[in-house]
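Colleague: Structure file input_24.cif (mmCIF, C-alpha atoms) right here:
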data_start
#
loop_
_atom_site.label_atom_id
_atom_site.label_comp_id
_atom_site.auth_asym_id
_atom_site.auth_seq_id
_atom_site.Cartn_x
_atom_site.Cartn_y
_atom_site.Cartn_z
CA MET H 1 51.18 -2.33 -7.76
CA GLU H 2 49.38 -4.92 -9.81
CA LYS H 3 45.65 -5.02 -9.72
CA THR H 4 45.41 -8.62 -8.49
CA LYS H 5 47.77 -7.93 -5.60
CA TYR H 6 45.79 -4.84 -4.65
CA LYS H 7 42.55 -6.84 -4.78
CA ASN H 8 44.08 -9.51 -2.52
CA ILE H 9 45.02 -6.91 0.07
CA VAL H 10 41.55 -5.37 -0.07
CA ASP H 11 39.94 -8.78 0.34
CA LYS H 12 42.16 -9.57 3.30
CA ASN H 13 41.34 -6.35 5.12
CA THR H 14 37.58 -6.04 4.55
CA PRO H 15 35.74 -7.37 7.61
CA LYS H 16 34.31 -10.83 6.99
CA GLU H 17 30.53 -10.98 7.38
CA ASN H 18 29.05 -14.33 8.15
CA THR H 19 25.81 -14.31 6.14
CA PHE H 20 24.33 -17.40 7.80
CA TYR H 21 24.95 -16.10 11.33
CA ASP H 22 23.48 -12.67 10.46
CA CYS H 23 20.40 -14.29 8.91
CA LEU H 24 19.93 -16.50 11.98
CA VAL H 25 20.17 -13.52 14.35
CA ALA H 26 17.70 -11.57 12.16
CA PHE H 27 15.34 -14.58 12.10
CA VAL H 28 15.32 -14.98 15.89
CA THR H 29 15.04 -11.27 16.76
CA GLY H 30 12.44 -10.62 14.05
CA GLY H 31 10.43 -13.60 15.27
CA LEU H 32 10.61 -12.32 18.85
CA MET H 33 9.31 -8.94 17.63
CA GLY H 34 6.39 -10.81 16.00
CA ILE H 35 5.62 -12.62 19.27
CA LEU H 36 5.82 -9.34 21.21
CA ALA H 37 3.37 -7.75 18.75
CA GLU H 38 0.96 -10.68 19.12
CA ILE H 39 1.21 -10.52 22.94
CA LEU H 40 0.48 -6.75 22.86
CA ILE H 41 -2.56 -7.28 20.59
CA GLU H 42 -3.95 -10.00 22.88
CA PHE H 43 -3.26 -7.81 25.91
CA TYR H 44 -5.17 -4.85 24.48
CA GLN H 45 -7.99 -7.06 23.22
CA ASN H 46 -8.59 -9.13 26.33
CA LEU H 47 -7.62 -6.92 29.24
CA LEU H 48 -8.67 -3.50 27.93
CA ASP H 49 -11.61 -4.64 25.72
CA ILE H 50 -10.40 -2.82 22.58
CA PRO H 51 -11.64 -4.21 19.22
CA PHE H 52 -9.08 -5.92 16.94
CA LYS H 53 -8.62 -3.02 14.47
CA SER H 54 -7.88 -0.47 17.23
CA ALA H 55 -5.77 -3.00 19.14
CA THR H 56 -3.40 -3.31 16.15
CA VAL H 57 -3.11 0.50 16.02
CA CYS H 58 -2.38 0.61 19.77
CA MET H 59 0.26 -2.10 19.29
CA LEU H 60 1.99 -0.12 16.52
CA VAL H 61 1.91 3.09 18.58
CA THR H 62 3.36 1.27 21.62
CA LEU H 63 6.24 -0.21 19.61
CA ILE H 64 6.97 3.15 17.93
CA THR H 65 7.03 5.00 21.28
CA LEU H 66 9.28 2.36 22.87
CA SER H 67 11.82 2.38 20.05
CA CYS H 68 11.88 6.22 19.99
CA LEU H 69 12.57 6.24 23.74
CA PHE H 70 15.30 3.60 23.49
CA THR H 71 16.91 5.53 20.63
CA CYS H 72 17.01 8.62 22.87
CA PHE H 73 18.63 6.68 25.73
CA GLY H 74 21.30 5.62 23.26
CA PHE H 75 21.27 1.84 23.38
CA PHE H 76 18.94 1.16 20.45
CA ASP H 77 21.77 1.84 17.98
CA LYS H 78 23.82 -0.98 19.48
CA TRP H 79 20.85 -3.34 19.20
CA VAL H 80 20.37 -2.37 15.53
CA ASN H 81 24.07 -2.98 14.86
CA PHE H 82 23.75 -6.45 16.36
CA CYS H 83 20.33 -7.56 15.04
CA LYS H 84 20.45 -5.61 11.73
CA CYS H 85 17.30 -6.55 9.77
CA GLY H 86 15.67 -8.12 12.83
CA LEU H 87 14.98 -4.56 14.01
CA ILE H 88 15.10 -2.61 10.71
CA ILE H 89 12.28 -4.44 8.94
CA PRO H 90 9.71 -4.26 11.80
CA ILE H 91 8.02 -0.88 12.39
CA THR H 92 10.73 -0.14 14.99
CA GLY H 93 13.17 0.57 12.12
CA PHE H 94 10.87 3.29 10.75
CA ALA H 95 10.62 4.94 14.18
CA HIS H 96 14.35 4.59 14.76
CA ALA H 97 15.17 6.30 11.45
CA THR H 98 12.77 9.19 12.19
CA MET H 99 14.01 9.63 15.75
CA SER H 100 17.73 9.55 14.97
CA ALA H 101 17.31 12.08 12.14
CA ALA H 102 15.36 14.39 14.47
CA LEU H 103 18.01 14.09 17.19
CA GLU H 104 20.87 14.64 14.78
CA TYR H 105 19.50 17.84 13.20
CA ARG H 106 18.17 19.29 16.49
CA LYS H 107 21.05 21.77 16.74
CA GLU H 108 20.17 23.37 13.38
CA GLY H 109 16.95 24.81 14.77
CA LEU H 110 13.31 23.83 14.97
CA VAL H 111 12.13 24.56 11.42
CA THR H 112 15.29 24.22 9.34
CA GLY H 113 16.64 21.40 11.50
CA ILE H 114 13.94 19.10 12.86
CA GLY H 115 11.18 20.12 10.46
CA ALA H 116 13.19 19.86 7.27
CA ASN H 117 15.22 16.76 8.10
CA MET H 118 13.05 14.56 10.32
CA LEU H 119 11.77 12.42 7.42
CA LYS H 120 15.14 12.39 5.66
CA LEU H 121 15.63 8.63 6.05
CA SER H 122 12.09 7.38 6.52
CA GLY H 123 10.54 9.62 3.83
CA ALA H 124 11.65 7.09 1.19
CA VAL H 125 9.38 4.49 2.80
CA ILE H 126 6.35 6.80 2.70
CA ILE H 127 6.97 8.03 -0.85
CA PHE H 128 7.64 4.65 -2.43
CA GLY H 129 4.80 3.11 -0.43
CA VAL H 130 2.31 5.70 -1.68
CA VAL H 131 3.47 5.54 -5.32
CA SER H 132 3.53 1.74 -5.49
CA SER H 133 0.21 1.29 -3.68
CA TRP H 134 -1.43 3.88 -5.99
CA LEU H 135 -0.12 1.96 -9.03
CA PHE H 136 -1.20 -1.39 -7.64
CA SER H 137 -4.71 -0.25 -6.73
CA ILE H 138 -5.15 1.26 -10.23
CA ILE H 139 -4.01 -2.08 -11.68
CA ARG H 140 -6.45 -3.94 -9.46
CA LEU H 141 -9.35 -1.70 -10.51
CA VAL H 142 -8.46 -2.01 -14.22
CA VAL H 143 -8.19 -5.77 -13.99
CA GLY H 144 -11.55 -5.73 -12.24
CA LEU H 145 -10.82 -7.71 -9.11
CA ALA H 146 -12.30 -5.09 -6.78
CA MET J 1 -0.29 -21.76 17.90
CA ILE J 2 -0.66 -18.19 16.61
CA TYR J 3 2.47 -17.22 18.59
CA PHE J 4 4.42 -19.90 16.71
CA ASN J 5 3.02 -18.71 13.37
CA SER J 6 3.88 -15.08 14.09
CA PHE J 7 7.41 -16.08 15.15
CA ILE J 8 7.92 -18.03 11.90
CA PHE J 9 6.45 -15.37 9.60
CA ALA J 10 8.14 -12.29 11.10
CA GLY J 11 11.41 -14.21 11.42
CA LEU J 12 11.31 -15.36 7.78
CA VAL J 13 10.66 -11.82 6.50
CA CYS J 14 13.58 -10.46 8.54
CA ALA J 15 15.89 -13.32 7.48
CA ILE J 16 15.12 -12.76 3.77
CA ALA J 17 15.77 -9.03 4.21
CA GLN J 18 19.06 -9.77 5.98
CA PHE J 19 20.06 -12.15 3.15
CA ILE J 20 19.41 -9.43 0.53
CA LEU J 21 21.32 -6.90 2.67
CA SER J 22 24.35 -9.20 3.06
CA LYS J 23 24.58 -10.52 -0.49
CA THR J 24 24.06 -7.25 -2.41
CA LYS J 25 25.38 -3.73 -2.02
CA LEU J 26 21.98 -2.23 -1.18
CA THR J 27 21.59 -0.04 1.91
CA PRO J 28 18.99 -0.74 4.65
CA GLY J 29 16.84 2.01 3.09
CA HIS J 30 16.69 0.13 -0.23
CA VAL J 31 15.71 -3.11 1.51
CA THR J 32 12.94 -1.38 3.48
CA VAL J 33 11.56 0.20 0.29
CA ILE J 34 11.60 -3.19 -1.48
CA PHE J 35 9.56 -4.72 1.34
CA VAL J 36 7.03 -1.86 1.38
CA CYS J 37 6.45 -2.31 -2.37
CA LEU J 38 6.17 -6.08 -1.85
CA GLY J 39 3.50 -5.59 0.82
CA ALA J 40 1.56 -3.20 -1.43
CA PHE J 41 1.76 -5.78 -4.23
CA LEU J 42 0.59 -8.69 -2.05
CA ASP J 43 -2.60 -6.80 -1.20
CA ILE J 44 -3.82 -6.85 -4.84
CA PHE J 45 -5.14 -10.39 -4.60
CA ASN J 46 -5.98 -10.21 -0.87
CA ILE J 47 -3.07 -12.52 -0.08
CA TYR J 48 -1.89 -10.37 2.81
CA ASP J 49 -5.29 -10.50 4.57
CA LYS J 50 -4.97 -14.30 4.67
CA LEU J 51 -1.43 -13.94 6.02
CA ILE J 52 -2.71 -11.67 8.82
CA LEU J 53 -5.39 -14.21 9.70
CA TRP J 54 -2.71 -16.93 9.79
CA ALA J 55 0.12 -15.09 11.54
CA GLY J 56 -1.63 -12.34 13.53
CA GLY J 57 0.82 -9.84 14.99
CA GLY J 58 3.72 -11.44 13.15
CA ALA J 59 2.27 -10.22 9.85
CA LEU J 60 1.33 -6.78 11.21
CA VAL J 61 4.68 -5.73 12.63
CA PRO J 62 7.02 -5.94 9.57
CA ILE J 63 7.10 -2.93 7.26
CA THR J 64 5.26 -5.00 4.59
CA SER J 65 2.05 -4.37 6.53
CA PHE J 66 2.59 -0.62 5.96
CA GLY J 67 2.35 -1.12 2.19
CA HIS J 68 -0.57 -3.48 2.64
CA MET J 69 -2.48 -0.90 4.70
CA LEU J 70 -1.84 1.81 2.06
CA THR J 71 -3.32 -0.29 -0.76
CA HIS J 72 -6.10 -1.51 1.51
CA GLY J 73 -7.11 2.06 2.38
CA GLU J 74 -7.15 3.06 -1.30
CA ILE J 75 -9.37 0.17 -2.33
CA ALA J 76 -11.71 0.73 0.62
CA GLY J 77 -11.85 4.43 -0.37
CA TYR J 78 -12.76 3.47 -3.95
CA GLU J 79 -15.60 1.30 -2.71
CA THR J 80 -17.14 4.07 -0.56
CA GLU J 81 -16.36 7.32 -2.42
CA GLY J 82 -15.69 6.29 -6.00
CA PHE J 83 -12.68 7.31 -8.03
CA MET J 84 -11.57 10.19 -5.77
CA GLY J 85 -11.48 7.77 -2.86
CA ILE J 86 -8.24 6.32 -4.24
CA LEU J 87 -6.54 9.61 -3.43
CA GLY J 88 -8.51 10.30 -0.27
CA GLY J 89 -8.24 6.93 1.40
CA THR J 90 -4.50 6.38 1.11
CA PHE J 91 -3.57 7.23 4.69
CA ASN J 92 -6.83 6.13 6.36
CA LEU J 93 -5.24 3.16 8.11
CA THR J 94 -1.57 4.17 8.36
CA SER J 95 -1.97 7.75 9.60
CA ALA J 96 -1.91 6.63 13.26
CA GLY J 97 1.56 5.11 12.89
CA ILE J 98 3.01 8.03 10.92
CA THR J 99 1.52 10.64 13.26
CA ALA J 100 2.72 8.78 16.35
CA ALA J 101 6.26 8.49 14.95
CA ILE J 102 6.40 12.20 14.02
CA VAL J 103 4.85 13.57 17.23
CA VAL J 104 6.83 11.33 19.60
CA SER J 105 10.15 11.96 17.89
CA PHE J 106 9.48 15.73 17.70
CA PHE J 107 8.92 16.09 21.43
CA LEU J 108 11.65 13.65 22.41
CA ALA J 109 14.12 15.52 20.18
CA LEU J 110 13.32 18.68 22.16
CA ILE J 111 14.08 16.92 25.45
CA PHE J 112 17.07 14.70 24.71
CA LYS J 113 20.55 15.54 23.43
CA PRO J 114 22.14 13.28 20.75
CA LYS J 115 24.67 10.74 22.05
CA ASP J 116 27.76 9.83 20.05
#
Is it possible to express this structure as structure tokens?

Modeller:
Amino acid sequence: MEKTKYKNIVDKNTPKENTFYDCLVAFVTGGLMGILAEILIEFYQNLLDIPFKSATVCMLVTLITLSCLFTCFGFFDKWVNFCKCGLIIPITGFAHATMSAALEYRKEGLVTGIGANMLKLSGAVIIFGVVSSWLFSIIRLVVGLA
Amino acid sequence: MIYFNSFIFAGLVCAIAQFILSKTKLTPGHVTVIFVCLGAFLDIFNIYDKLILWAGGGALVPITSFGHMLTHGEIAGYETEGFMGILGGTFNLTSAGITAAIVVSFFLALIFKPKD
């Protein structure tokens, strides 16, 4: 078969992704996550009298716990498939990656399964975050902006 | 007004990430790593602190704030402890999130069975 014909068939059969629609869904769901975070911060600050710094930590912990729970009940995966980056980029994506890796490797035992593989997906975030922030803070100190 | 700002900011970050994910062949892991590095970079000139003042929770919930907190902790550590504070202060602000994610998912993985 000729290469152009083959390419035509491949193009016809790959599922079409509407970039604009996906971006719009990610925009709306990501924005709603932002509003939810702001509501949680205000709730902790005003009703429970927690200072702003601790209120942000409480907000992050609440969102992480909720997304771990929803992943366990099984319907968070469907939401991620629909919203894509609207749920991957907020902190919920980090928790979802950790939780699904822990669930998946549960059957291989506590140490060799959960312990060794829990950070399989989300470890990249921690490692690249630490390396890049170390580099950037060295740069900032050398430049003398501190 | 701050609700509107947080909607716009968090939505824009997610939409840009979705655009990168759709137009290139990168996986969601790559996109997340790009945004963490971006957040760490934006903290050099204190840009991200202004964004948090402007957008509130909308700037704190995307993964960019994770990178921002890492750099922020290192610079705060340098100011209090000197040069070793860069190594010691890295996780000062982010440890709560990481610990919560690890502890919660450890105990939930003991309770629940994976669903296909």

Colleague: Would you list the contacts of Ile102 (chain J) as a PDB file with C-alpha atoms, in the coordinates of the input, taking every protein, DNA or RNA residue within 9 Å and counting only C-alpha atoms, but skipping same-chain residues closer than 3 positions in sequence?

Modeller:
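Below is the file result_18.pdb, written as the result:
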ATOM      1  CA  ALA H  95      10.620   4.940  14.180  1.00  0.00           C
ATOM      2  CA  THR H  98      12.770   9.190  12.190  1.00  0.00           C
ATOM      3  CA  MET H  99      14.010   9.630  15.750  1.00  0.00           C
ATOM      4  CA  MET H 118      13.050  14.560  10.320  1.00  0.00           C
ATOM      5  CA  LEU H 119      11.770  12.420   7.420  1.00  0.00           C
TER       6      LEU H 119
ATOM      7  CA  GLY J  97       1.560   5.110  12.890  1.00  0.00           C
ATOM      8  CA  ILE J  98       3.010   8.030  10.920  1.00  0.00           C
ATOM      9  CA  THR J  99       1.520  10.640  13.260  1.00  0.00           C
ATOM     10  CA  SER J 105      10.150  11.960  17.890  1.00  0.00           C
ATOM     11  CA  PHE J 106       9.480  15.730  17.700  1.00  0.00           C
ATOM     12  CA  PHE J 107       8.920  16.090  21.430  1.00  0.00           C
TER      13      PHE J 107
END

Colleague: What's around Pro62 (chain J) at 10 Å? Count all atoms listed in the file, leave out sequence neighbours fewer than 2 positions away in its own chain, and write the answer as a PDB file with C-alpha atoms, keeping the file's coordinate frame.

Modeller:
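Now in out_20.pdb:
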ATOM      1  CA  GLY H  30      12.440 -10.620  14.050  1.00  0.00           C
ATOM      2  CA  MET H  33       9.310  -8.940  17.630  1.00  0.00           C
ATOM      3  CA  GLY H  34       6.390 -10.810  16.000  1.00  0.00           C
ATOM      4  CA  GLY H  86      15.670  -8.120  12.830  1.00  0.00           C
ATOM      5  CA  LEU H  87      14.980  -4.560  14.010  1.00  0.00           C
ATOM      6  CA  ILE H  88      15.100  -2.610  10.710  1.00  0.00           C
ATOM      7  CA  ILE H  89      12.280  -4.440   8.940  1.00  0.00           C
ATOM      8  CA  PRO H  90       9.710  -4.260  11.800  1.00  0.00           C
ATOM      9  CA  ILE H  91       8.020  -0.880  12.390  1.00  0.00           C
ATOM     10  CA  THR H  92      10.730  -0.140  14.990  1.00  0.00           C
ATOM     11  CA  GLY H  93      13.170   0.570  12.120  1.00  0.00           C
TER      12      GLY H  93
ATOM     13  CA  PHE J   9       6.450 -15.370   9.600  1.00  0.00           C
ATOM     14  CA  ALA J  10       8.140 -12.290  11.100  1.00  0.00           C
ATOM     15  CA  GLY J  11      11.410 -14.210  11.420  1.00  0.00           C
ATOM     16  CA  VAL J  13      10.660 -11.820   6.500  1.00  0.00           C
ATOM     17  CA  CYS J  14      13.580 -10.460   8.540  1.00  0.00           C
ATOM     18  CA  THR J  32      12.940  -1.380   3.480  1.00  0.00           C
ATOM     19  CA  PHE J  35       9.560  -4.720   1.340  1.00  0.00           C
ATOM     20  CA  VAL J  36       7.030  -1.860   1.380  1.00  0.00           C
ATOM     21  CA  GLY J  39       3.500  -5.590   0.820  1.00  0.00           C
ATOM     22  CA  GLY J  57       0.820  -9.840  14.990  1.00  0.00           C
ATOM     23  CA  GLY J  58       3.720 -11.440  13.150  1.00  0.00           C
ATOM     24  CA  ALA J  59       2.270 -10.220   9.850  1.00  0.00           C
ATOM     25  CA  LEU J  60       1.330  -6.780  11.210  1.00  0.00           C
ATOM     26  CA  THR J  64       5.260  -5.000   4.590  1.00  0.00           C
ATOM     27  CA  SER J  65       2.050  -4.370   6.530  1.00  0.00           C
ATOM     28  CA  PHE J  66       2.590  -0.620   5.960  1.00  0.00           C
ATOM     29  CA  GLY J  67       2.350  -1.120   2.190  1.00  0.00           C
TER      30      GLY J  67
END

Colleague: Of the candidates H:Arg140, H:Lys120, H:Lys12, H:Lys78, which shows the shortest atom-to-atom distance to chain J, using all atoms listed in the file?

Modeller: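 Counting all atoms listed in the file, the residue closest to chain J is H:Arg140.
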
Colleague: For region 58-63 of chain H, what centre and edge lengths in Å (one decimal) does the axis-aligned box get once 8 Å is added on each side of all its listed atoms, as AutoDock Vina command-line options?

Modeller:
--center_x 1.9 --center_y 0.5 --center_z 19.1 --size_x 24.6 --size_y 21.2 --size_z 21.1

Colleague: Could you tell me which residues the PyMOL selection byres ((chain H) within 7 of (chain J)) grabs in this file, written as a ChimeraX atom specification?

Modeller: /H:19,22-24,26-28,30-32,34-35,37-38,57,60-61,64-65,68,72,74,85-86,89-91,95,98-99,102-104,106,124-125,128-130,132-134,136-137,140

Colleague: Rounded to one decimal, what separation in Å do you get between CA of Phe82 (chain H) and CA of Asn117 (chain H)?

Modeller: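 Computing the Euclidean distance for CA of Phe82 (chain H) and CA of Asn117 (chain H) yields 26.1 Å.
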
Colleague: Could you jot down the CA of Ser122 (chain H) to CA of Ala97 (chain H) separation for me, Å, one decimal place?

Modeller: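 CA of Ser122 (chain H) sits 5.9 Å away from CA of Ala97 (chain H).
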
Colleague: One decimal, in Å: what's the spacing between CA of Tyr44 (chain H) and CA of Cys58 (chain H)?

Modeller: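 That distance, rounded to one decimal, is 7.7 Å.
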
Colleague: How would region 83-94 of chain J look with N, CA, C and O atoms restored, written as an mmCIF file, in the coordinates of the input?

Modeller:
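Result written to result-v1.cif:
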data_model
loop_
_atom_site.group_PDB
_atom_site.id
_atom_site.type_symbol
_atom_site.label_atom_id
_atom_site.label_comp_id
_atom_site.auth_asym_id
_atom_site.auth_seq_id
_atom_site.Cartn_x
_atom_site.Cartn_y
_atom_site.Cartn_z
ATOM 1 N N PHE J 83 -14.045 7.204 -7.515
ATOM 2 C CA PHE J 83 -12.680 7.310 -8.030
ATOM 3 C C PHE J 83 -11.809 8.215 -7.176
ATOM 4 O O PHE J 83 -10.623 7.957 -7.027
ATOM 5 N N MET J 84 -12.399 9.313 -6.586
ATOM 6 C CA MET J 84 -11.570 10.190 -5.770
ATOM 7 C C MET J 84 -11.149 9.531 -4.461
ATOM 8 O O MET J 84 -10.211 9.982 -3.801
ATOM 9 N N GLY J 85 -11.825 8.469 -4.083
ATOM 10 C CA GLY J 85 -11.480 7.770 -2.860
ATOM 11 C C GLY J 85 -10.107 7.135 -2.901
ATOM 12 O O GLY J 85 -9.499 6.898 -1.860
ATOM 13 N N ILE J 86 -9.597 6.872 -4.126
ATOM 14 C CA ILE J 86 -8.240 6.320 -4.240
ATOM 15 C C ILE J 86 -7.235 7.298 -3.681
ATOM 16 O O ILE J 86 -6.296 6.924 -2.994
ATOM 17 N N LEU J 87 -7.467 8.610 -3.973
ATOM 18 C CA LEU J 87 -6.540 9.610 -3.430
ATOM 19 C C LEU J 87 -6.850 9.904 -1.968
ATOM 20 O O LEU J 87 -5.948 10.144 -1.175
ATOM 21 N N GLY J 88 -8.131 9.896 -1.605
ATOM 22 C CA GLY J 88 -8.510 10.300 -0.270
ATOM 23 C C GLY J 88 -8.280 9.251 0.794
ATOM 24 O O GLY J 88 -8.106 9.577 1.958
ATOM 25 N N GLY J 89 -8.293 7.978 0.390
ATOM 26 C CA GLY J 89 -8.240 6.930 1.400
ATOM 27 C C GLY J 89 -6.862 6.373 1.658
ATOM 28 O O GLY J 89 -6.722 5.414 2.414
ATOM 29 N N THR J 90 -5.822 6.981 1.034
ATOM 30 C CA THR J 90 -4.500 6.380 1.110
ATOM 31 C C THR J 90 -4.034 6.195 2.556
ATOM 32 O O THR J 90 -3.601 5.128 2.954
ATOM 33 N N PHE J 91 -4.157 7.279 3.352
ATOM 34 C CA PHE J 91 -3.570 7.230 4.690
ATOM 35 C C PHE J 91 -4.597 6.877 5.774
ATOM 36 O O PHE J 91 -4.301 7.042 6.948
ATOM 37 N N ASN J 92 -5.790 6.414 5.372
ATOM 38 C CA ASN J 92 -6.830 6.130 6.360
ATOM 39 C C ASN J 92 -6.346 5.219 7.474
ATOM 40 O O ASN J 92 -6.647 5.438 8.633
ATOM 41 N N LEU J 93 -5.611 4.163 7.116
ATOM 42 C CA LEU J 93 -5.240 3.160 8.110
ATOM 43 C C LEU J 93 -3.854 3.412 8.689
ATOM 44 O O LEU J 93 -3.569 3.022 9.807
ATOM 45 N N THR J 94 -2.958 4.043 7.915
ATOM 46 C CA THR J 94 -1.570 4.170 8.360
ATOM 47 C C THR J 94 -1.296 5.468 9.093
ATOM 48 O O THR J 94 -0.231 5.614 9.669
#
